[in-house]
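Structure data follow from final_3.pdb (PDB, C-alpha atoms):
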ATOM      1  CA  MET K1103     123.234 101.494 106.728
ATOM      2  CA  PRO K1104     120.572 101.931 109.389
ATOM      3  CA  ILE K1105     116.888 102.398 108.653
ATOM      4  CA  TYR K1106     115.007 104.391 111.273
ATOM      5  CA  GLU K1107     111.244 104.307 111.624
ATOM      6  CA  TYR K1108     109.023 107.028 113.020
ATOM      7  CA  ARG K1109     105.307 106.935 113.874
ATOM      8  CA  CYS K1110     103.364 110.084 113.098
ATOM      9  CA  GLU K1111     101.425 111.412 116.086
ATOM     10  CA  GLU K1112      98.923 113.012 113.692
ATOM     11  CA  CYS K1113      98.004 110.232 111.218
ATOM     12  CA  ARG K1114      99.558 107.282 113.162
ATOM     13  CA  LYS K1115     101.373 105.942 110.073
ATOM     14  CA  LEU K1116     104.981 104.767 109.919
ATOM     15  CA  SER K1117     107.686 106.473 107.895
ATOM     16  CA  SER K1118     111.104 104.905 107.254
ATOM     17  CA  PHE K1119     114.368 106.756 106.687
ATOM     18  CA  LEU K1120     117.519 105.155 105.286
ATOM     19  CA  LEU K1121     120.700 106.779 106.567
ATOM     20  CA  LEU K1122     124.102 106.351 104.984
ATOM     21  CA  ARG K1123     125.720 106.279 108.417
ATOM     22  CA  ALA K1124     124.441 106.098 111.999
ATOM     23  CA  SER K1125     125.979 109.491 112.858
ATOM     24  CA  GLU K1126     123.885 111.263 110.206
ATOM     25  CA  ILE K1127     121.366 113.738 111.657
ATOM     26  CA  ILE K1128     117.906 114.032 110.120
ATOM     27  CA  GLU K1129     114.796 116.048 110.817
ATOM     28  CA  PRO K1130     112.114 113.408 110.285
ATOM     29  CA  ARG K1131     108.812 114.336 108.682
ATOM     30  CA  CYS K1132     105.840 112.035 108.078
ATOM     31  CA  ASN K1133     105.933 110.715 104.507
ATOM     32  CA  HIS K1134     102.125 110.510 104.491
ATOM     33  CA  CYS K1135     100.810 113.788 105.923
ATOM     34  CA  GLY K1136     103.985 115.889 106.196
ATOM     35  CA  SER K1137     103.740 116.427 109.961
ATOM     36  CA  THR K1138     106.924 116.937 111.986
ATOM     37  CA  ASN K1139     105.152 115.577 115.083
ATOM     38  CA  VAL K1140     106.749 112.119 114.854
ATOM     39  CA  ARG K1141     108.158 109.718 117.425
ATOM     40  CA  ARG K1142     110.938 107.220 116.750
ATOM     41  CA  VAL K1143     109.887 103.602 117.210
ATOM     42  CA  ILE K1144     111.888 100.439 117.659
ATOM     43  CA  SER K1145     111.565  98.464 114.467
ATOM     44  CA  ARG K1146     112.027  94.794 113.739
ATOM     45  CA  VAL K1147     115.436  93.512 112.736
ATOM     46  CA  THR K1148     115.669  91.961 109.295
ATOM     47  CA  VAL K1149     118.375  89.504 108.406
ATOM     48  CA  LEU K1150     118.888  89.038 104.709
ATOM     49  CA  LYS K1151     119.552  85.480 103.551
ATOM     50  CA  SER K1152     120.877  84.299 100.238
ATOM     51  CA  GLU K1153     118.586  82.272  98.000
ATOM     52  CA  GLU K1154     120.700  79.209  98.802
ATOM     53  CA  LYS K1155     120.169  79.717 102.562
ATOM     54  CA  ARG K1156     116.407  80.177 102.087
ATOM     55  CA  LEU K1157     116.194  76.923 100.126
ATOM     56  CA  GLU K1158     118.257  75.115 102.778
ATOM     57  CA  THR K1159     115.810  76.361 105.412
ATOM     58  CA  LEU K1160     112.849  75.043 103.416
ATOM     59  CA  LEU K1161     114.444  71.601 103.041
ATOM     60  CA  ASP K1162     115.302  71.243 106.735
ATOM     61  CA  PRO K1163     113.686  67.933 107.839
ATOM     62  CA  ALA K1164     112.801  69.457 111.217
ATOM     63  CA  LYS K1165     110.550  71.973 109.424
ATOM     64  CA  LEU K1166     108.748  69.162 107.600
ATOM     65  CA  SER K1167     108.023  66.992 110.655
ATOM     66  CA  ASP K1168     104.369  68.107 110.817
ATOM     67  CA  PHE K1169     103.736  67.735 107.065
ATOM     68  CA  ASP K1170     101.053  65.219 105.990
ATOM     69  CA  GLU K1171     100.641  65.054 102.212
ATOM     70  CA  ASN K1172      97.135  63.572 102.639
ATOM     71  CA  ASP K1173      95.890  66.525 104.709
ATOM     72  CA  PRO K1174      94.911  69.605 102.646
ATOM     73  CA  ARG K1175      95.471  71.896 105.659
ATOM     74  CA  SER K1176      98.995  70.536 106.067
ATOM     75  CA  VAL K1177      99.728  71.151 102.373
ATOM     76  CA  GLU K1178      98.314  74.673 102.700
ATOM     77  CA  ARG K1179     100.561  75.446 105.685
ATOM     78  CA  LEU K1180     103.630  74.149 103.835
ATOM     79  CA  VAL K1181     102.871  76.176 100.695
ATOM     80  CA  ARG K1182     102.256  79.341 102.761
ATOM     81  CA  ARG K1183     105.517  78.775 104.661
ATOM     82  CA  MET K1184     107.389  78.311 101.378
ATOM     83  CA  GLY K1185     105.812  81.471  99.952
ATOM     84  CA  ARG K1186     106.840  83.524 102.980
ATOM     85  CA  GLU K1187     110.381  82.139 102.943
ATOM     86  CA  LEU K1188     110.808  82.849  99.224
ATOM     87  CA  GLY K1189     109.116  86.245  99.444
ATOM     88  CA  ASP K1190     106.420  85.385  96.931
ATOM     89  CA  GLU K1191     102.790  86.433  97.031
ATOM     90  CA  LEU K1192     100.528  83.436  96.594
ATOM     91  CA  GLY K1193      97.746  85.474  95.013
ATOM     92  CA  GLU K1194      94.011  85.092  94.556
ATOM     93  CA  ASP K1195      94.288  81.924  92.479
ATOM     94  CA  PHE K1196      95.958  80.148  95.397
ATOM     95  CA  GLU K1197      93.280  81.317  97.822
ATOM     96  CA  LYS K1198      90.494  80.115  95.500
ATOM     97  CA  SER K1199      92.203  76.775  94.934
ATOM     98  CA  MET K1200      92.641  76.239  98.664
ATOM     99  CA  GLU K1201      88.993  77.104  99.357
ATOM    100  CA  GLU K1202      87.922  74.551  96.744
ATOM    101  CA  ALA K1203      90.301  71.892  98.073
ATOM    102  CA  LEU K1204      89.234  72.423 101.671
ATOM    103  CA  GLY K1205      85.545  72.463 100.808
ATOM    104  CA  ASP K1206      83.304  73.535 103.678
ATOM    105  CA  GLU K1207      86.054  73.508 106.310
ATOM    106  CA  SER K1208      86.733  76.684 108.268
ATOM    107  CA  SER K1209      88.881  79.540 106.924
ATOM    108  CA  PRO K1210      92.545  78.872 106.082
ATOM    109  CA  SER K1211      94.932  78.620 109.002
ATOM    110  CA  GLU K1212      98.193  80.515 109.294
ATOM    111  CA  ASP K1213     101.383  78.840 110.434
ATOM    112  CA  ALA K1214     103.306  81.180 112.721
TER     113      ALA K1214
END
Would you mind writing the structure in this file as structure tokens?
Amino acid sequence: MPIYEYRCEECRKLSSFLLLRASEIIEPRCNHCGSTNVRRVISRVTVLKSEEKRLETLLDPAKLSDFDENDPRSVERLVRRMGRELGDELGEDFEKSMEEALGDESSPSEDA
């Protein structure tokens, strides 16, 4: 089932439409402001993985090659990577804990 995305030319927000089949015809309307002045955009492809596959990815030794358990920044990157892979929000408590652990160092880094 395809999901098509449209950007509103009025409010610039994205609206997504799930179709039951690719041949289905729709008249898209912005879900935010109701405008019909929308333009279809190319959206990112998402590949769904089973929980088992996500865990296998996390345990891949190649993904852990840059991990240093004695470096708080390295631990932070690993925890963020694990959170993204498992689809969990780390929350404010994590952010506060990382700020305390890192002390006066610069803002948290993101691992791309």
Go through region 1125-1202 of chain K residue by residue and, counting only C-alpha atoms, keep those with an atom at most 10 Å from region 1116-1120 of chain K; for each kept residue give the shortest atom pair and its distance in Å to one decimal, ordered by chain and increasing number, as JSON lines.
{"residue": "K:Ile1128", "atom": "CA", "partner": "K:Phe1119", "partner_atom": "CA", "distance": 8.8}
{"residue": "K:Pro1130", "atom": "CA", "partner": "K:Phe1119", "partner_atom": "CA", "distance": 7.9}
{"residue": "K:Arg1131", "atom": "CA", "partner": "K:Ser1117", "partner_atom": "CA", "distance": 8.0}
{"residue": "K:Cys1132", "atom": "CA", "partner": "K:Ser1117", "partner_atom": "CA", "distance": 5.9}
{"residue": "K:Asn1133", "atom": "CA", "partner": "K:Ser1117", "partner_atom": "CA", "distance": 5.7}
{"residue": "K:His1134", "atom": "CA", "partner": "K:Ser1117", "partner_atom": "CA", "distance": 7.7}
{"residue": "K:Val1140", "atom": "CA", "partner": "K:Ser1117", "partner_atom": "CA", "distance": 9.0}
{"residue": "K:Arg1141", "atom": "CA", "partner": "K:Leu1116", "partner_atom": "CA", "distance": 9.5}
{"residue": "K:Arg1142", "atom": "CA", "partner": "K:Leu1116", "partner_atom": "CA", "distance": 9.4}
{"residue": "K:Val1143", "atom": "CA", "partner": "K:Leu1116", "partner_atom": "CA", "distance": 8.9}
{"residue": "K:Ser1145", "atom": "CA", "partner": "K:Ser1118", "partner_atom": "CA", "distance": 9.7}
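One finds CA of Lys1198 (chain K) at 13.5 Å from CA of Pro1174 (chain K).
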Around region 1136-1139 of chain K, with edges along x, y and z and 5 Å added on all six sides, what centre and edge lengths do you get, in Å to one decimal, as AutoDock Vina command-line options?
--center_x 105.3 --center_y 116.3 --center_z 110.6 --size_x 13.2 --size_y 11.4 --size_z 18.9
Quick check, in Å to one decimal: how far apart do CA of Leu1160 (chain K) and CA of Met1184 (chain K) lie?
6.7 Å
Explicit residue set for the PyMOL selection byres ((chain K and resi 1146-1158) around 10), as a PyMOL selection string
chain K and resi 1105+1107+1143-1145+1159-1163+1184+1187-1189
Give me, please, the distance in Å between CA of Arg1186 (chain K) and CA of Met1200 (chain K), quoted to one decimal.
16.5 Å
With only C-alpha atoms as the basis for distance, which of K:Tyr1106, K:Glu1197, K:Cys1135, K:Asp1168 is at the shortest distance from Arg1182 (chain K)?
K:Glu1197
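Residue nearest Arg1175 (chain K), chosen from K:Glu1129, K:Asp1195, K:Glu1112, K:Glu1201 and counting all atoms listed in the file: K:Glu1201.
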